[in-house]
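Trainee: I have a structure I would like to understand better, so I am pasting it below and will then ask my questions one at a time.
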Protein chains: 2
Amino acid sequence: MASGETRAYRRIDLDQAEALRLLGSVSLGRIVFTRQALPAVRPVNHVLDNGDIVILTHEGTALAAHAQQSDGTGVVVAYEADAIDPDTHLGWSVVVTGYAHIVSDPLVLTRVLGLLRPWAPVEGRDQAVRIHPELVTGVLLTEAGGTTRLTD
Amino acid sequence: MASGETRAYRRIDLDQAEALRLLGSVSLGRIVFTRQALPAVRPVNHVLDNGDIVILTHEGTALAAHAQQSDGTGVVVAYEADAIDPDTHLGWSVVVTGYAHIVSDPLVLTRVLGLLRPWAPVEGRDQAVRIHPELVTGVLLTEAGGTTRLTD
């Protein structure tokens, strides 16, 4: 597309079920949290487990430390995944906001680590963190008037 | 790769120049900021302009509102871009942290809007936001022992 050309472009909000379905169709996303009062973000892989998002992170990182609040409430994080074409910039993006907790149950840990293993081998410093979705938003980026097939 | 198989996997830190070069080689990233005391993230496109990252966002969004601090200091945001293979999960990720400011100079605005136009047509509600990198981190995700070609 020429630089001066305008594109008929549309954003369509997705409902929660469709947004989570799309998020579950990919394995990579970005965890967003607060670190020393500054916004922080890093790419991780994820699985959906009983409606929650489970990711692996390094023990001792800011996120893991924050998620181990003494009162058990966890900390609020955001999680984003998308599939956006680098050329057309059409696709979708989903953002989940919710409390993060370290996964400590050995049985649950074994199950989710098995699911997450294909990316990063489990090391002693890796911990699983569970994010329970409180707020789910998703947007479909499409051309106005056109039909767009969701990738999954 | 079978589920039980482990992968020799390595993270290599990138220096600032290489990290910014990679970020500039793609046009899509995720802006990370704080909204009503909660972490927020959304995908946007970007250009590099004199070493700063410039993105488009909607006027009146939390980010734009925050970036218009009365004392002119801006707000601290993070910006993440990556190119990670969805199958092998190898690639790179770059995170920039810095102050965000609304671009108000008409000449600068015209220039950066021209660069950003190919994705989203300029609407009245779009504003350009400039992020001056204070902290740049990047990681190369590669197989141990192997050579990895950076995509650009």
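Ordering of the structure tokens sets the chain letters (A, B, ...), residue numbers begin anew at 1 in every chain, and ligands are numbered from 1 in the order given.
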Extract, using only C-alpha atoms, all DNA, RNA and protein residues at most 6 Å from A:Glu80, discarding same-chain residues fewer than 4 positions from it, and format them as a compact mmCIF listing (two decimals) with all heavy atoms, in the first residue's frame.

Mentor:
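Printed below is out_16.txt as written:
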```
# COMPACT_ATOMS: atom_id res chain seq x y z
N GLY A 29 2.49 -15.08 24.62
CA GLY A 29 1.88 -13.81 24.96
C GLY A 29 2.85 -12.98 25.77
O GLY A 29 4.04 -13.30 25.85
N ARG A 30 2.36 -11.89 26.35
CA ARG A 30 3.23 -11.00 27.12
C ARG A 30 2.58 -10.72 28.47
O ARG A 30 1.44 -10.27 28.53
CB ARG A 30 3.47 -9.69 26.39
CG ARG A 30 4.30 -9.85 25.13
CD ARG A 30 3.50 -9.53 23.92
NE ARG A 30 4.05 -10.15 22.73
CZ ARG A 30 3.30 -10.78 21.82
NH1 ARG A 30 2.00 -10.88 21.98
NH2 ARG A 30 3.86 -11.33 20.77
N VAL A 94 -5.98 -9.77 22.35
CA VAL A 94 -6.77 -10.04 23.55
C VAL A 94 -5.96 -9.62 24.78
O VAL A 94 -4.76 -9.91 24.86
CB VAL A 94 -7.14 -11.54 23.64
CG1 VAL A 94 -7.72 -11.89 25.00
CG2 VAL A 94 -8.11 -11.91 22.52
N VAL A 95 -6.60 -8.94 25.70
CA VAL A 95 -5.96 -8.56 26.96
C VAL A 95 -6.79 -9.07 28.13
O VAL A 95 -8.00 -8.84 28.20
CB VAL A 95 -5.81 -7.03 27.07
CG1 VAL A 95 -5.21 -6.65 28.43
CG2 VAL A 95 -4.95 -6.48 25.94
```

Trainee: Please list as a PDB file with all heavy atoms, in the first residue's frame every residue within 12 Å of A:Val112, counting only C-alpha atoms and excluding residues in the same chain fewer than 3 positions away.

Mentor:
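Writing done, so here's around37.pdb:
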```pdb
ATOM      1  N   ASN A  45       5.323 -18.073  27.381  1.00  0.00           N
ATOM      2  CA  ASN A  45       4.298 -18.902  26.769  1.00  0.00           C
ATOM      3  C   ASN A  45       3.258 -19.275  27.812  1.00  0.00           C
ATOM      4  O   ASN A  45       3.477 -19.137  29.006  1.00  0.00           O
ATOM      5  CB  ASN A  45       4.861 -20.114  26.033  1.00  0.00           C
ATOM      6  CG  ASN A  45       5.549 -21.089  26.950  1.00  0.00           C
ATOM      7  OD1 ASN A  45       5.972 -20.736  28.037  1.00  0.00           O
ATOM      8  ND2 ASN A  45       5.685 -22.306  26.487  1.00  0.00           N
ATOM      9  N   HIS A  46       2.116 -19.675  27.324  1.00  0.00           N
ATOM     10  CA  HIS A  46       1.000 -19.894  28.240  1.00  0.00           C
ATOM     11  C   HIS A  46       0.178 -21.113  27.824  1.00  0.00           C
ATOM     12  O   HIS A  46       0.245 -21.554  26.669  1.00  0.00           O
ATOM     13  CB  HIS A  46       0.085 -18.656  28.276  1.00  0.00           C
ATOM     14  CG  HIS A  46      -0.630 -18.399  26.986  1.00  0.00           C
ATOM     15  ND1 HIS A  46      -0.206 -17.464  26.079  1.00  0.00           N
ATOM     16  CD2 HIS A  46      -1.745 -18.956  26.434  1.00  0.00           C
ATOM     17  CE1 HIS A  46      -1.010 -17.444  25.040  1.00  0.00           C
ATOM     18  NE2 HIS A  46      -1.964 -18.345  25.220  1.00  0.00           N
ATOM     19  N   VAL A  47      -0.568 -21.607  28.779  1.00  0.00           N
ATOM     20  CA  VAL A  47      -1.632 -22.566  28.497  1.00  0.00           C
ATOM     21  C   VAL A  47      -2.870 -22.105  29.240  1.00  0.00           C
ATOM     22  O   VAL A  47      -2.785 -21.367  30.234  1.00  0.00           O
ATOM     23  CB  VAL A  47      -1.276 -24.009  28.935  1.00  0.00           C
ATOM     24  CG1 VAL A  47      -0.172 -24.582  28.071  1.00  0.00           C
ATOM     25  CG2 VAL A  47      -0.901 -24.045  30.412  1.00  0.00           C
ATOM     26  N   LEU A  48      -4.023 -22.516  28.751  1.00  0.00           N
ATOM     27  CA  LEU A  48      -5.267 -22.307  29.497  1.00  0.00           C
ATOM     28  C   LEU A  48      -5.518 -23.562  30.316  1.00  0.00           C
ATOM     29  O   LEU A  48      -5.428 -24.687  29.818  1.00  0.00           O
ATOM     30  CB  LEU A  48      -6.434 -22.048  28.549  1.00  0.00           C
ATOM     31  CG  LEU A  48      -6.452 -20.678  27.871  1.00  0.00           C
ATOM     32  CD1 LEU A  48      -7.703 -20.520  27.023  1.00  0.00           C
ATOM     33  CD2 LEU A  48      -6.388 -19.564  28.907  1.00  0.00           C
ATOM     34  N   ASP A  49      -5.812 -23.365  31.600  1.00  0.00           N
ATOM     35  CA  ASP A  49      -6.038 -24.486  32.506  1.00  0.00           C
ATOM     36  C   ASP A  49      -7.276 -24.174  33.335  1.00  0.00           C
ATOM     37  O   ASP A  49      -7.238 -23.305  34.206  1.00  0.00           O
ATOM     38  CB  ASP A  49      -4.808 -24.686  33.407  1.00  0.00           C
ATOM     39  CG  ASP A  49      -4.962 -25.887  34.324  1.00  0.00           C
ATOM     40  OD1 ASP A  49      -5.073 -27.015  33.812  1.00  0.00           O
ATOM     41  OD2 ASP A  49      -4.991 -25.687  35.563  1.00  0.00           O
ATOM     42  N   ASN A  50      -8.367 -24.850  33.033  1.00  0.00           N
ATOM     43  CA  ASN A  50      -9.635 -24.606  33.741  1.00  0.00           C
ATOM     44  C   ASN A  50     -10.037 -23.125  33.700  1.00  0.00           C
ATOM     45  O   ASN A  50     -10.477 -22.568  34.701  1.00  0.00           O
ATOM     46  CB  ASN A  50      -9.535 -25.077  35.194  1.00  0.00           C
ATOM     47  CG  ASN A  50      -9.405 -26.588  35.307  1.00  0.00           C
ATOM     48  OD1 ASN A  50      -9.934 -27.327  34.464  1.00  0.00           O
ATOM     49  ND2 ASN A  50      -8.679 -27.047  36.318  1.00  0.00           N
ATOM     50  N   ASP A  52      -8.175 -20.571  33.539  1.00  0.00           N
ATOM     51  CA  ASP A  52      -7.102 -19.660  33.959  1.00  0.00           C
ATOM     52  C   ASP A  52      -5.953 -19.718  32.958  1.00  0.00           C
ATOM     53  O   ASP A  52      -5.781 -20.699  32.228  1.00  0.00           O
ATOM     54  CB  ASP A  52      -6.563 -20.062  35.339  1.00  0.00           C
ATOM     55  CG  ASP A  52      -7.564 -19.798  36.441  1.00  0.00           C
ATOM     56  OD1 ASP A  52      -8.560 -19.082  36.192  1.00  0.00           O
ATOM     57  OD2 ASP A  52      -7.344 -20.315  37.546  1.00  0.00           O
ATOM     58  N   ILE A  53      -5.159 -18.659  32.954  1.00  0.00           N
ATOM     59  CA  ILE A  53      -3.942 -18.634  32.145  1.00  0.00           C
ATOM     60  C   ILE A  53      -2.789 -19.033  33.047  1.00  0.00           C
ATOM     61  O   ILE A  53      -2.653 -18.516  34.158  1.00  0.00           O
ATOM     62  CB  ILE A  53      -3.700 -17.217  31.592  1.00  0.00           C
ATOM     63  CG1 ILE A  53      -4.849 -16.816  30.676  1.00  0.00           C
ATOM     64  CG2 ILE A  53      -2.368 -17.126  30.870  1.00  0.00           C
ATOM     65  CD1 ILE A  53      -4.981 -15.322  30.508  1.00  0.00           C
ATOM     66  N   VAL A  54      -1.976 -19.980  32.587  1.00  0.00           N
ATOM     67  CA  VAL A  54      -0.811 -20.393  33.364  1.00  0.00           C
ATOM     68  C   VAL A  54       0.435 -20.147  32.540  1.00  0.00           C
ATOM     69  O   VAL A  54       0.505 -20.521  31.365  1.00  0.00           O
ATOM     70  CB  VAL A  54      -0.893 -21.879  33.778  1.00  0.00           C
ATOM     71  CG1 VAL A  54       0.333 -22.265  34.604  1.00  0.00           C
ATOM     72  CG2 VAL A  54      -2.164 -22.146  34.568  1.00  0.00           C
ATOM     73  N   ILE A  55       1.404 -19.475  33.150  1.00  0.00           N
ATOM     74  CA  ILE A  55       2.658 -19.149  32.472  1.00  0.00           C
ATOM     75  C   ILE A  55       3.829 -19.646  33.317  1.00  0.00           C
ATOM     76  O   ILE A  55       3.664 -19.966  34.500  1.00  0.00           O
ATOM     77  CB  ILE A  55       2.818 -17.633  32.261  1.00  0.00           C
ATOM     78  CG1 ILE A  55       2.915 -16.918  33.621  1.00  0.00           C
ATOM     79  CG2 ILE A  55       1.655 -17.067  31.447  1.00  0.00           C
ATOM     80  CD1 ILE A  55       3.385 -15.484  33.533  1.00  0.00           C
ATOM     81  N   LEU A  56       5.007 -19.696  32.706  1.00  0.00           N
ATOM     82  CA  LEU A  56       6.237 -20.001  33.436  1.00  0.00           C
ATOM     83  C   LEU A  56       7.052 -18.733  33.590  1.00  0.00           C
ATOM     84  O   LEU A  56       7.176 -17.941  32.661  1.00  0.00           O
ATOM     85  CB  LEU A  56       7.092 -21.001  32.662  1.00  0.00           C
ATOM     86  CG  LEU A  56       6.868 -22.484  32.879  1.00  0.00           C
ATOM     87  CD1 LEU A  56       7.998 -23.258  32.203  1.00  0.00           C
ATOM     88  CD2 LEU A  56       6.819 -22.832  34.357  1.00  0.00           C
ATOM     89  N   VAL A 103       1.763 -21.126  41.404  1.00  0.00           N
ATOM     90  CA  VAL A 103       1.176 -22.466  41.482  1.00  0.00           C
ATOM     91  C   VAL A 103       2.044 -23.315  42.401  1.00  0.00           C
ATOM     92  O   VAL A 103       3.208 -23.580  42.092  1.00  0.00           O
ATOM     93  CB  VAL A 103       1.092 -23.119  40.085  1.00  0.00           C
ATOM     94  CG1 VAL A 103       0.581 -24.546  40.197  1.00  0.00           C
ATOM     95  CG2 VAL A 103       0.211 -22.288  39.163  1.00  0.00           C
ATOM     96  N   SER A 104       1.487 -23.708  43.545  1.00  0.00           N
ATOM     97  CA  SER A 104       2.292 -24.467  44.503  1.00  0.00           C
ATOM     98  C   SER A 104       1.831 -25.915  44.646  1.00  0.00           C
ATOM     99  O   SER A 104       2.601 -26.762  45.104  1.00  0.00           O
ATOM    100  CB  SER A 104       2.275 -23.774  45.872  1.00  0.00           C
ATOM    101  OG  SER A 104       0.937 -23.539  46.278  1.00  0.00           O
ATOM    102  N   ASP A 105       0.612 -26.216  44.244  1.00  0.00           N
ATOM    103  CA  ASP A 105       0.108 -27.595  44.340  1.00  0.00           C
ATOM    104  C   ASP A 105       0.924 -28.499  43.414  1.00  0.00           C
ATOM    105  O   ASP A 105       0.964 -28.274  42.207  1.00  0.00           O
ATOM    106  CB  ASP A 105      -1.373 -27.620  43.935  1.00  0.00           C
ATOM    107  CG  ASP A 105      -1.985 -29.008  44.078  1.00  0.00           C
ATOM    108  OD1 ASP A 105      -1.405 -29.975  43.535  1.00  0.00           O
ATOM    109  OD2 ASP A 105      -3.047 -29.112  44.710  1.00  0.00           O
ATOM    110  N   PRO A 106       1.602 -29.528  43.968  1.00  0.00           N
ATOM    111  CA  PRO A 106       2.508 -30.358  43.149  1.00  0.00           C
ATOM    112  C   PRO A 106       1.802 -31.034  41.974  1.00  0.00           C
ATOM    113  O   PRO A 106       2.377 -31.137  40.884  1.00  0.00           O
ATOM    114  CB  PRO A 106       3.028 -31.400  44.146  1.00  0.00           C
ATOM    115  CG  PRO A 106       2.830 -30.797  45.494  1.00  0.00           C
ATOM    116  CD  PRO A 106       1.597 -29.943  45.390  1.00  0.00           C
ATOM    117  N   LEU A 107       0.568 -31.477  42.173  1.00  0.00           N
ATOM    118  CA  LEU A 107      -0.141 -32.155  41.089  1.00  0.00           C
ATOM    119  C   LEU A 107      -0.475 -31.177  39.960  1.00  0.00           C
ATOM    120  O   LEU A 107      -0.304 -31.487  38.786  1.00  0.00           O
ATOM    121  CB  LEU A 107      -1.421 -32.810  41.618  1.00  0.00           C
ATOM    122  CG  LEU A 107      -1.210 -34.016  42.525  1.00  0.00           C
ATOM    123  CD1 LEU A 107      -2.547 -34.559  43.020  1.00  0.00           C
ATOM    124  CD2 LEU A 107      -0.424 -35.110  41.801  1.00  0.00           C
ATOM    125  N   VAL A 108      -0.959 -30.000  40.348  1.00  0.00           N
ATOM    126  CA  VAL A 108      -1.279 -28.985  39.341  1.00  0.00           C
ATOM    127  C   VAL A 108      -0.003 -28.548  38.625  1.00  0.00           C
ATOM    128  O   VAL A 108       0.040 -28.395  37.404  1.00  0.00           O
ATOM    129  CB  VAL A 108      -1.978 -27.774  39.997  1.00  0.00           C
ATOM    130  CG1 VAL A 108      -2.230 -26.689  38.960  1.00  0.00           C
ATOM    131  CG2 VAL A 108      -3.287 -28.199  40.649  1.00  0.00           C
ATOM    132  N   LEU A 109       1.057 -28.390  39.427  1.00  0.00           N
ATOM    133  CA  LEU A 109       2.335 -27.953  38.862  1.00  0.00           C
ATOM    134  C   LEU A 109       2.841 -28.946  37.818  1.00  0.00           C
ATOM    135  O   LEU A 109       3.264 -28.562  36.720  1.00  0.00           O
ATOM    136  CB  LEU A 109       3.347 -27.797  40.002  1.00  0.00           C
ATOM    137  CG  LEU A 109       4.617 -27.025  39.707  1.00  0.00           C
ATOM    138  CD1 LEU A 109       4.302 -25.617  39.241  1.00  0.00           C
ATOM    139  CD2 LEU A 109       5.494 -26.982  40.950  1.00  0.00           C
ATOM    140  N   LEU A 115       2.417 -29.297  30.117  1.00  0.00           N
ATOM    141  CA  LEU A 115       1.811 -28.599  28.981  1.00  0.00           C
ATOM    142  C   LEU A 115       2.719 -27.491  28.457  1.00  0.00           C
ATOM    143  O   LEU A 115       2.765 -27.210  27.267  1.00  0.00           O
ATOM    144  CB  LEU A 115       0.463 -27.993  29.407  1.00  0.00           C
ATOM    145  CG  LEU A 115      -0.636 -28.986  29.761  1.00  0.00           C
ATOM    146  CD1 LEU A 115      -1.823 -28.259  30.392  1.00  0.00           C
ATOM    147  CD2 LEU A 115      -1.079 -29.750  28.520  1.00  0.00           C
ATOM    148  N   LEU A 116       3.455 -26.857  29.369  1.00  0.00           N
ATOM    149  CA  LEU A 116       4.281 -25.715  28.979  1.00  0.00           C
ATOM    150  C   LEU A 116       5.655 -26.135  28.483  1.00  0.00           C
ATOM    151  O   LEU A 116       6.358 -25.348  27.871  1.00  0.00           O
ATOM    152  CB  LEU A 116       4.449 -24.767  30.173  1.00  0.00           C
ATOM    153  CG  LEU A 116       3.236 -23.922  30.536  1.00  0.00           C
ATOM    154  CD1 LEU A 116       3.392 -23.328  31.919  1.00  0.00           C
ATOM    155  CD2 LEU A 116       3.046 -22.808  29.507  1.00  0.00           C
ATOM    156  N   ARG A 117       6.049 -27.379  28.732  1.00  0.00           N
ATOM    157  CA  ARG A 117       7.416 -27.800  28.497  1.00  0.00           C
ATOM    158  C   ARG A 117       7.944 -27.576  27.079  1.00  0.00           C
ATOM    159  O   ARG A 117       9.129 -27.265  26.913  1.00  0.00           O
ATOM    160  CB  ARG A 117       7.585 -29.271  28.895  1.00  0.00           C
ATOM    161  CG  ARG A 117       9.021 -29.759  28.763  1.00  0.00           C
ATOM    162  CD  ARG A 117       9.207 -31.119  29.375  1.00  0.00           C
ATOM    163  NE  ARG A 117       8.918 -31.101  30.814  1.00  0.00           N
ATOM    164  CZ  ARG A 117       9.103 -32.153  31.600  1.00  0.00           C
ATOM    165  NH1 ARG A 117       9.557 -33.276  31.089  1.00  0.00           N
ATOM    166  NH2 ARG A 117       8.839 -32.069  32.878  1.00  0.00           N
ATOM    167  N   PRO A 118       7.114 -27.739  26.033  1.00  0.00           N
ATOM    168  CA  PRO A 118       7.692 -27.656  24.692  1.00  0.00           C
ATOM    169  C   PRO A 118       8.507 -26.400  24.405  1.00  0.00           C
ATOM    170  O   PRO A 118       9.414 -26.426  23.589  1.00  0.00           O
ATOM    171  CB  PRO A 118       6.451 -27.704  23.792  1.00  0.00           C
ATOM    172  CG  PRO A 118       5.504 -28.559  24.561  1.00  0.00           C
ATOM    173  CD  PRO A 118       5.741 -28.191  26.001  1.00  0.00           C
ATOM    174  N   VAL A 122      12.082 -27.220  31.847  1.00  0.00           N
ATOM    175  CA  VAL A 122      11.876 -26.824  33.233  1.00  0.00           C
ATOM    176  C   VAL A 122      13.218 -26.753  33.949  1.00  0.00           C
ATOM    177  O   VAL A 122      13.986 -27.704  33.948  1.00  0.00           O
ATOM    178  CB  VAL A 122      10.955 -27.831  33.932  1.00  0.00           C
ATOM    179  CG1 VAL A 122      10.780 -27.450  35.381  1.00  0.00           C
ATOM    180  CG2 VAL A 122       9.627 -27.874  33.212  1.00  0.00           C
ATOM    181  N   GLN A 127       9.052 -21.030  37.742  1.00  0.00           N
ATOM    182  CA  GLN A 127       7.852 -21.232  38.533  1.00  0.00           C
ATOM    183  C   GLN A 127       6.643 -21.009  37.648  1.00  0.00           C
ATOM    184  O   GLN A 127       6.670 -20.173  36.737  1.00  0.00           O
ATOM    185  CB  GLN A 127       7.804 -20.249  39.696  1.00  0.00           C
ATOM    186  CG  GLN A 127       8.745 -20.604  40.830  1.00  0.00           C
ATOM    187  CD  GLN A 127       8.462 -19.740  42.037  1.00  0.00           C
ATOM    188  OE1 GLN A 127       8.592 -18.530  41.964  1.00  0.00           O
ATOM    189  NE2 GLN A 127       8.071 -20.363  43.136  1.00  0.00           N
ATOM    190  N   ALA A 128       5.593 -21.735  37.937  1.00  0.00           N
ATOM    191  CA  ALA A 128       4.353 -21.518  37.207  1.00  0.00           C
ATOM    192  C   ALA A 128       3.512 -20.485  37.952  1.00  0.00           C
ATOM    193  O   ALA A 128       3.434 -20.486  39.177  1.00  0.00           O
ATOM    194  CB  ALA A 128       3.585 -22.831  37.078  1.00  0.00           C
ATOM    195  N   VAL A 129       2.928 -19.583  37.194  1.00  0.00           N
ATOM    196  CA  VAL A 129       2.065 -18.546  37.753  1.00  0.00           C
ATOM    197  C   VAL A 129       0.696 -18.661  37.081  1.00  0.00           C
ATOM    198  O   VAL A 129       0.600 -18.757  35.851  1.00  0.00           O
ATOM    199  CB  VAL A 129       2.659 -17.139  37.518  1.00  0.00           C
ATOM    200  CG1 VAL A 129       1.670 -16.050  37.931  1.00  0.00           C
ATOM    201  CG2 VAL A 129       3.968 -16.974  38.276  1.00  0.00           C
ATOM    202  N   ARG A 130      -0.339 -18.676  37.906  1.00  0.00           N
ATOM    203  CA  ARG A 130      -1.707 -18.782  37.415  1.00  0.00           C
ATOM    204  C   ARG A 130      -2.375 -17.411  37.460  1.00  0.00           C
ATOM    205  O   ARG A 130      -2.302 -16.705  38.466  1.00  0.00           O
ATOM    206  CB  ARG A 130      -2.485 -19.770  38.305  1.00  0.00           C
ATOM    207  CG  ARG A 130      -3.976 -19.844  38.025  1.00  0.00           C
ATOM    208  CD  ARG A 130      -4.667 -20.790  39.002  1.00  0.00           C
ATOM    209  NE  ARG A 130      -4.162 -22.151  38.850  1.00  0.00           N
ATOM    210  CZ  ARG A 130      -4.620 -23.018  37.954  1.00  0.00           C
ATOM    211  NH1 ARG A 130      -5.590 -22.660  37.130  1.00  0.00           N
ATOM    212  NH2 ARG A 130      -4.123 -24.233  37.894  1.00  0.00           N
TER     213      ARG A 130
ATOM    214  N   SER B   3       6.332 -34.069  23.592  1.00  0.00           N
ATOM    215  CA  SER B   3       6.042 -33.285  24.783  1.00  0.00           C
ATOM    216  C   SER B   3       7.102 -33.475  25.869  1.00  0.00           C
ATOM    217  O   SER B   3       7.446 -32.553  26.580  1.00  0.00           O
ATOM    218  CB  SER B   3       4.660 -33.659  25.321  1.00  0.00           C
ATOM    219  OG  SER B   3       4.420 -33.002  26.523  1.00  0.00           O
TER     220      SER B   3
END
```

Trainee: Skip A:Asp15 itself and residues of its chain fewer than 4 positions away, then list as a count of residues only all residues within 8 Å of it, counting only C-alpha atoms.

Mentor: 3

Trainee: Could you check the closest approach to B:Trp92 for each of B:Leu28, B:Ala37, B:Leu140, B:Leu14 and tell me which residue wins, using only C-alpha atoms?

Mentor: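 Going through B:Leu28, B:Ala37, B:Leu140, B:Leu14 one by one, the smallest distance to B:Trp92 is for B:Leu140.
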
Trainee: Identify which of the residues A:Gln16, A:Arg11, A:Arg35, A:Val41 lies closest to chain B, counting only C-alpha atoms when measuring atom-to-atom distances.

Mentor: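 Going through A:Gln16, A:Arg11, A:Arg35, A:Val41 one by one, the smallest distance to chain B is for A:Val41.
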
Trainee: I'd like to know which of B:Ala17, B:Leu113, B:Leu135, B:Val76 is closest to chain A, using only C-alpha atoms.

Mentor: B:Val76

Trainee: From the DSSP assignment of the backbone, select every residue of stretch 45-113 of chain B that is strand (DSSP E), and format the answer as a PyMOL selection string.

Mentor: chain B and resi 45-49+52-58+75-84+91-102

Trainee: According to DSSP computed on the backbone, where in stretch 94-145 of chain B is there alpha helix (DSSP H)? Give the residues as an NGL selection string.

Mentor: :B and (106-116)

Trainee: Write the residues of the preceding selection, restricted to N, CA, C and O atoms, as a PDB file, in the first residue's frame.

Mentor:
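Okay, this is what ended up in out_16.pdb:
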```pdb
ATOM      1  N   PRO B 106       3.571  20.750  15.250  1.00  0.00           N
ATOM      2  CA  PRO B 106       2.875  20.393  14.001  1.00  0.00           C
ATOM      3  C   PRO B 106       3.790  19.782  12.941  1.00  0.00           C
ATOM      4  O   PRO B 106       3.391  18.862  12.228  1.00  0.00           O
ATOM      5  N   LEU B 107       5.024  20.275  12.847  1.00  0.00           N
ATOM      6  CA  LEU B 107       5.933  19.745  11.833  1.00  0.00           C
ATOM      7  C   LEU B 107       6.338  18.310  12.166  1.00  0.00           C
ATOM      8  O   LEU B 107       6.362  17.445  11.302  1.00  0.00           O
ATOM      9  N   VAL B 108       6.658  18.085  13.441  1.00  0.00           N
ATOM     10  CA  VAL B 108       7.023  16.732  13.864  1.00  0.00           C
ATOM     11  C   VAL B 108       5.826  15.806  13.701  1.00  0.00           C
ATOM     12  O   VAL B 108       5.947  14.665  13.223  1.00  0.00           O
ATOM     13  N   LEU B 109       4.655  16.307  14.070  1.00  0.00           N
ATOM     14  CA  LEU B 109       3.438  15.507  13.982  1.00  0.00           C
ATOM     15  C   LEU B 109       3.175  15.064  12.545  1.00  0.00           C
ATOM     16  O   LEU B 109       2.884  13.898  12.268  1.00  0.00           O
ATOM     17  N   THR B 110       3.294  16.012  11.620  1.00  0.00           N
ATOM     18  CA  THR B 110       3.062  15.686  10.203  1.00  0.00           C
ATOM     19  C   THR B 110       4.035  14.615   9.734  1.00  0.00           C
ATOM     20  O   THR B 110       3.661  13.674   9.039  1.00  0.00           O
ATOM     21  N   ARG B 111       5.288  14.757  10.157  1.00  0.00           N
ATOM     22  CA  ARG B 111       6.297  13.789   9.711  1.00  0.00           C
ATOM     23  C   ARG B 111       6.007  12.392  10.253  1.00  0.00           C
ATOM     24  O   ARG B 111       5.988  11.415   9.512  1.00  0.00           O
ATOM     25  N   VAL B 112       5.751  12.297  11.550  1.00  0.00           N
ATOM     26  CA  VAL B 112       5.578  10.962  12.125  1.00  0.00           C
ATOM     27  C   VAL B 112       4.240  10.351  11.720  1.00  0.00           C
ATOM     28  O   VAL B 112       4.136   9.138  11.540  1.00  0.00           O
ATOM     29  N   LEU B 113       3.224  11.180  11.543  1.00  0.00           N
ATOM     30  CA  LEU B 113       1.950  10.628  11.082  1.00  0.00           C
ATOM     31  C   LEU B 113       2.095  10.060   9.674  1.00  0.00           C
ATOM     32  O   LEU B 113       1.493   9.046   9.346  1.00  0.00           O
ATOM     33  N   GLY B 114       2.903  10.715   8.862  1.00  0.00           N
ATOM     34  CA  GLY B 114       3.147  10.189   7.520  1.00  0.00           C
ATOM     35  C   GLY B 114       3.824   8.833   7.568  1.00  0.00           C
ATOM     36  O   GLY B 114       3.498   7.933   6.799  1.00  0.00           O
ATOM     37  N   LEU B 115       4.734   8.666   8.512  1.00  0.00           N
ATOM     38  CA  LEU B 115       5.437   7.391   8.647  1.00  0.00           C
ATOM     39  C   LEU B 115       4.518   6.308   9.205  1.00  0.00           C
ATOM     40  O   LEU B 115       4.620   5.149   8.856  1.00  0.00           O
ATOM     41  N   LEU B 116       3.613   6.707  10.095  1.00  0.00           N
ATOM     42  CA  LEU B 116       2.764   5.724  10.764  1.00  0.00           C
ATOM     43  C   LEU B 116       1.514   5.393   9.959  1.00  0.00           C
ATOM     44  O   LEU B 116       0.844   4.418  10.228  1.00  0.00           O
TER      45      LEU B 116
END
```
